[in-house]
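Participant: Structure in structure tokens, see below.
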Amino acid sequence: MRAKRPDRVLLLIVLTLIVVGFAIFMSASLGQMGRDSASFTTVALKQLGVLLSGLILTIVFANTPYRSIKPYSPYLFALAVVLTGLVFVPGLGFVYGGAKRWLLLGPFTIQPSEFLKFTFIIFLAAWASVRKDRLQSLSNGFLPFLIFLGIVGGLMLLQPDTGTLMVIVAGALGIFVAAGGHWRHLFLLFLLGIVAVGLLAFTRPYVRDRIETFLNPKHDVTGSSYQINQSLIAIGSGGLMGRGFGQSVQKFNFLPQPIGDSIFAVASEEFGLLGASLLVFLYLAFAIWGLKIMSKVIDPFGRLLGTGLIVLITSQAFINIGAMLGLLPLTGVPLPFISHGGTALLFALIGVGIILNISKNETKI
């Protein structure tokens, strides 16, 4: 065992994503002009401020021993559950587009589900790291895991926020598999997931609309299928090399949320297939290199925590990209390190700081 510096390759991949992502965000921000009262300068400066704050937190957590978080994991998770529940309190919760996902704190809004997503991974890694062989047991392993997931899932579905729930489930499964969970339990969870999706489609029209849009993007091009059609137009018009930086047409009054979940479509239109492929490659490199690092970590908590955070970030990226390409149903999750969304960006960068800290502690030579 030996202490060393944070992994430089992983750090380089993240910094590349941040720099490239901020350039894409600046271009996409032009599409907000005329849509709301916020000016281009205001939007750009706000994102820059969040980004710089996030980088400071990355440095702090990269130099804070990750084990110090473990004893507080149940309390952090409980706090996150309470904060997420507060979005349903009149006067505190902020409703946008029919969803209750934000807390209104004076001039600021925060999305507590991002804190919940982050703390749940920490809590689950701490819990699984002491389970050992008991994780393969139905009563001592899978059922408690299912209960924890059910608590989080219930809060997400009440908001509703199925996109964040998908990301959380992916991160949780990453930990469960890395900790040695039984494959039969994974199959059971898959079956439960199919049943849950069927029930949601039956009881919630918006879920049914998204499934119909996924299966047939042309069934309502001016309604529920509007976003995916505009996204595919943007991506297709980019061709091989793209229109050029800042030259996207679809970001002006066509793509919904060009600085949010549609930002990959803007990038594809401006930088073409080559630029979009570069983004995909960077996220793949982050996942593969990060998991390679975690495979060498001796400490069970560190290995599971790092694995969960890496799966969390990369699954969110590919859920966003898949939705914009029509390969997955639309979810509304932001593209990590690139999309607008202060809370999501801050916790993604905190997660990177923790991963970097794990990378320099107790790894196999």
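Just so we're on the same page: first chain in the structure tokens is A, next is B, and so on; residues restart at 1 for each chain, and ligands are numbered from 1 in the order they show up.
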Write out as a Markdown table the residues of region 150-183 of chain A that have any atom within 9 Å of an atom of region 107-123 of chain A, one row each with the nearest atom pair and its distance in Å to one decimal, counting only C-alpha atoms, sorted by chain and then rising number.

Facilitator:
```
| residue | atom | partner | partner_atom | distance |
| --- | --- | --- | --- | --- |
| A:Val152 | CA | A:Leu116 | CA | 7.9 |
| A:Leu155 | CA | A:Ser113 | CA | 8.7 |
| A:Met156 | CA | A:Ser113 | CA | 7.7 |
| A:Asp161 | CA | A:Ser113 | CA | 8.9 |
| A:Thr164 | CA | A:Ser113 | CA | 7.7 |
| A:Leu165 | CA | A:Lys117 | CA | 8.6 |
| A:Val167 | CA | A:Lys117 | CA | 8.3 |
| A:Ile168 | CA | A:Lys117 | CA | 6.0 |
| A:Gly171 | CA | A:Ile121 | CA | 7.0 |
| A:Ala172 | CA | A:Ile121 | CA | 6.6 |
| A:Ile175 | CA | A:Ile121 | CA | 8.1 |
```

Participant: Using only C-alpha atoms, find each residue in region 300-319 of chain A having at least one atom no more than 8 Å away from region 335-339 of chain A; report its shortest atom-to-atom pair and that distance in Å (one decimal), rows by chain then rising number, as CSV.

Facilitator:
```
residue,atom,partner,partner_atom,distance
A:Ile313,CA,A:Pro336,CA,6.7
A:Gln316,CA,A:Leu335,CA,6.9
A:Ala317,CA,A:Leu335,CA,5.2
```

Participant: Between A:Ile358, A:Leu325, A:Gly342, A:Ala179, which is the closest to Arg5 (chain A) once you count only C-alpha atoms?

Facilitator: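 Under the stated criterion, the closest residue is A:Ile358.
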
Participant: With only C-alpha atoms as the counted atoms, please give the residues lying no more than 9 Å from region 222-239 of chain A, apart from itself and same-chain residues fewer than 2 positions off, as an MDAnalysis selection string.

Facilitator: chainID A and resid 206 209:210 212:214 216:220 241:244 248:251 254:256 262 264:274 276 323:326 330

Participant: Would you save the residues of that selection, restricted to C-alpha atoms, as a JSON list (two decimals), in the first residue's frame?

Facilitator:
```
[["chain", "number", "residue", "atom", "x", "y", "z"],
["A", 206, "TYR", "CA", -46.84, 11.62, -19.09],
["A", 209, "ASP", "CA", -46.60, 9.69, -23.68],
["A", 210, "ARG", "CA", -42.85, 9.30, -23.32],
["A", 212, "GLU", "CA", -45.20, 6.27, -27.13],
["A", 213, "THR", "CA", -42.78, 8.98, -28.26],
["A", 214, "PHE", "CA", -39.86, 6.58, -27.86],
["A", 216, "ASN", "CA", -42.97, 6.25, -32.50],
["A", 217, "PRO", "CA", -41.27, 9.70, -32.57],
["A", 218, "LYS", "CA", -43.67, 10.88, -35.32],
["A", 219, "HIS", "CA", -46.94, 10.27, -33.48],
["A", 220, "ASP", "CA", -47.26, 13.85, -32.06],
["A", 241, "MET", "CA", -18.04, 18.24, -39.37],
["A", 242, "GLY", "CA", -20.90, 20.38, -38.06],
["A", 243, "ARG", "CA", -22.09, 23.89, -38.90],
["A", 244, "GLY", "CA", -19.33, 25.47, -36.84],
["A", 248, "SER", "CA", -26.51, 26.15, -34.44],
["A", 249, "VAL", "CA", -29.92, 27.11, -35.82],
["A", 250, "GLN", "CA", -32.06, 24.77, -33.71],
["A", 251, "LYS", "CA", -31.05, 26.41, -30.42],
["A", 254, "PHE", "CA", -36.73, 25.32, -31.74],
["A", 255, "LEU", "CA", -34.95, 23.12, -29.19],
["A", 256, "PRO", "CA", -36.55, 23.21, -25.73],
["A", 262, "SER", "CA", -30.98, 19.39, -25.17],
["A", 264, "PHE", "CA", -25.98, 17.51, -26.70],
["A", 265, "ALA", "CA", -28.13, 18.23, -29.77],
["A", 266, "VAL", "CA", -26.67, 21.75, -29.95],
["A", 267, "ALA", "CA", -23.13, 20.34, -29.71],
["A", 268, "SER", "CA", -23.88, 17.78, -32.43],
["A", 269, "GLU", "CA", -25.27, 20.44, -34.77],
["A", 270, "GLU", "CA", -22.24, 22.70, -34.33],
["A", 271, "PHE", "CA", -19.47, 20.08, -34.22],
["A", 272, "GLY", "CA", -21.02, 17.26, -36.23],
["A", 273, "LEU", "CA", -20.52, 13.54, -35.85],
["A", 274, "LEU", "CA", -16.83, 14.01, -35.01],
["A", 276, "ALA", "CA", -20.38, 14.35, -30.77],
["A", 323, "ALA", "CA", -32.61, 10.35, -25.11],
["A", 324, "MET", "CA", -31.41, 13.01, -27.56],
["A", 325, "LEU", "CA", -30.64, 10.31, -30.14],
["A", 326, "GLY", "CA", -34.00, 8.62, -29.66],
["A", 330, "LEU", "CA", -36.87, 11.43, -22.88]]
```

Participant: Given the choices A:Ile259, A:Leu215, A:Thr343, A:Leu291, which gets closest to Leu327 (chain A) if the distance is worked out from only C-alpha atoms?

Facilitator: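 Of all the options, A:Leu215 lies closest to Leu327 (chain A).
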
Participant: Counting only C-alpha atoms, what is within 9 Å of Val352 (chain A), bar same-chain residues fewer than 4 positions away, as a ChimeraX atom specification?

Facilitator: /A:11,14,58,61-62,309-310,347-348,356-357

Participant: Would you please work out which residue, of A:Val89, A:Leu304, A:Leu312, A:Val169, is nearest to Phe190 (chain A) when using only C-alpha atoms?

Facilitator: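 Residue with the minimum atom-to-atom distance to Phe190 (chain A): A:Val169.
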
Participant: Nearest to Gly353 (chain A) among A:Leu55, A:Met26, A:Leu328, A:Val9, with distances taken over only C-alpha atoms: which residue is it?

Facilitator: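 Using only C-alpha atoms, Gly353 (chain A) sits closest to A:Leu55.
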
Participant: Name the closest residue to Ala344 (chain A) among the candidates A:Gly260, A:Leu192, A:Val311, A:Leu79; distances are taken between atoms, counting only C-alpha atoms.

Facilitator: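 Looking only at the distances to Ala344 (chain A), the closest residue turns out to be A:Gly260.
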
Participant: Based on DSSP run over this structure's backbone, return all residues of region 190-237 of chain A in alpha helix (DSSP H), as a PyMOL selection string.

Facilitator: chain A and resi 190-203+205-215+226-237

Participant: Go ahead and compute the interatomic distance for CA of Thr16 (chain A) and CA of Ile59 (chain A), in Å to one decimal.

Facilitator: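 Between CA of Thr16 (chain A) and CA of Ile59 (chain A) the gap is 16.3 Å.
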
Participant: Between CA of Gly246 (chain A) and CA of Ser27 (chain A), what is the distance, to one decimal in Å?

Facilitator: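 CA of Ser27 (chain A) lies 5.0 Å from CA of Gly246 (chain A).
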
Participant: Would you please work out which residue, of A:Ser295, A:Asn361, A:Gln159, A:Asn63, is nearest to Phe88 (chain A) when using only C-alpha atoms?

Facilitator: A:Gln159

Participant: Where in region 79-217 of chain A does DSSP assign strand (DSSP E or B), given as a list of chain:residue names?

Facilitator: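 Answer for region 79-217 of chain A, restricted to strand (DSSP E or B): A:Gly93, A:Phe94, A:Val95, A:Tyr96, A:Ala99, A:Lys100, A:Arg101, A:Trp102, A:Leu103, A:Leu104, A:Leu105, A:Phe108, A:Thr109, A:Ile110.
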
Participant: Can you write out the residues you just picked, keeping N, CA and C atoms, as a PDB file, in the first residue's frame?

Facilitator:
```
ATOM      1  N   GLY A  93     -41.590  24.570  -1.655  1.00  0.00           N
ATOM      2  CA  GLY A  93     -41.398  23.902  -2.931  1.00  0.00           C
ATOM      3  C   GLY A  93     -41.712  24.812  -4.100  1.00  0.00           C
ATOM      4  N   PHE A  94     -40.900  24.697  -5.139  1.00  0.00           N
ATOM      5  CA  PHE A  94     -41.062  25.504  -6.349  1.00  0.00           C
ATOM      6  C   PHE A  94     -41.499  24.583  -7.483  1.00  0.00           C
ATOM      7  N   VAL A  95     -42.627  24.892  -8.089  1.00  0.00           N
ATOM      8  CA  VAL A  95     -43.192  24.050  -9.140  1.00  0.00           C
ATOM      9  C   VAL A  95     -42.848  24.634 -10.503  1.00  0.00           C
ATOM     10  N   TYR A  96     -42.338  23.790 -11.388  1.00  0.00           N
ATOM     11  CA  TYR A  96     -42.029  24.222 -12.754  1.00  0.00           C
ATOM     12  C   TYR A  96     -42.371  23.083 -13.696  1.00  0.00           C
ATOM     13  N   ALA A  99     -43.770  19.841 -12.192  1.00  0.00           N
ATOM     14  CA  ALA A  99     -42.923  19.027 -11.315  1.00  0.00           C
ATOM     15  C   ALA A  99     -42.530  19.809 -10.067  1.00  0.00           C
ATOM     16  N   LYS A 100     -42.505  19.114  -8.932  1.00  0.00           N
ATOM     17  CA  LYS A 100     -42.080  19.711  -7.660  1.00  0.00           C
ATOM     18  C   LYS A 100     -40.693  19.171  -7.320  1.00  0.00           C
ATOM     19  N   ARG A 101     -39.668  19.830  -7.845  1.00  0.00           N
ATOM     20  CA  ARG A 101     -38.304  19.321  -7.682  1.00  0.00           C
ATOM     21  C   ARG A 101     -37.362  20.314  -7.008  1.00  0.00           C
ATOM     22  N   TRP A 102     -37.824  21.512  -6.729  1.00  0.00           N
ATOM     23  CA  TRP A 102     -36.917  22.555  -6.263  1.00  0.00           C
ATOM     24  C   TRP A 102     -37.402  23.178  -4.961  1.00  0.00           C
ATOM     25  N   LEU A 103     -36.438  23.651  -4.167  1.00  0.00           N
ATOM     26  CA  LEU A 103     -36.730  24.450  -2.989  1.00  0.00           C
ATOM     27  C   LEU A 103     -36.419  25.899  -3.313  1.00  0.00           C
ATOM     28  N   LEU A 104     -37.322  26.781  -2.954  1.00  0.00           N
ATOM     29  CA  LEU A 104     -37.155  28.204  -3.209  1.00  0.00           C
ATOM     30  C   LEU A 104     -36.580  28.850  -1.958  1.00  0.00           C
ATOM     31  N   LEU A 105     -35.319  29.304  -2.062  1.00  0.00           N
ATOM     32  CA  LEU A 105     -34.641  29.945  -0.941  1.00  0.00           C
ATOM     33  C   LEU A 105     -34.265  31.367  -1.351  1.00  0.00           C
ATOM     34  N   PHE A 108     -32.719  32.157  -4.794  1.00  0.00           N
ATOM     35  CA  PHE A 108     -32.085  30.940  -5.305  1.00  0.00           C
ATOM     36  C   PHE A 108     -33.058  29.764  -5.269  1.00  0.00           C
ATOM     37  N   THR A 109     -32.849  28.835  -6.188  1.00  0.00           N
ATOM     38  CA  THR A 109     -33.563  27.560  -6.161  1.00  0.00           C
ATOM     39  C   THR A 109     -32.524  26.445  -6.130  1.00  0.00           C
ATOM     40  N   ILE A 110     -32.772  25.445  -5.319  1.00  0.00           N
ATOM     41  CA  ILE A 110     -31.879  24.285  -5.262  1.00  0.00           C
ATOM     42  C   ILE A 110     -32.703  23.028  -5.516  1.00  0.00           C
TER      43      ILE A 110
END
```

Participant: Leaving out Phe40 (chain A) and any residue of its chain fewer than 6 positions from it, which residues lie within 9 Å of it when counting only C-alpha atoms, given as a list in words?

Facilitator: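 Selected residues are Met26, Ser29, Leu30, Gly31, Gln32 and Met33 of chain A.
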
Participant: Please measure the separation of CA of Arg134 (chain A) and CA of Trp183 (chain A), giving the value in Å to one decimal.

Facilitator: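 If I compute the distance from CA of Arg134 (chain A) to CA of Trp183 (chain A), I get 14.1 Å.
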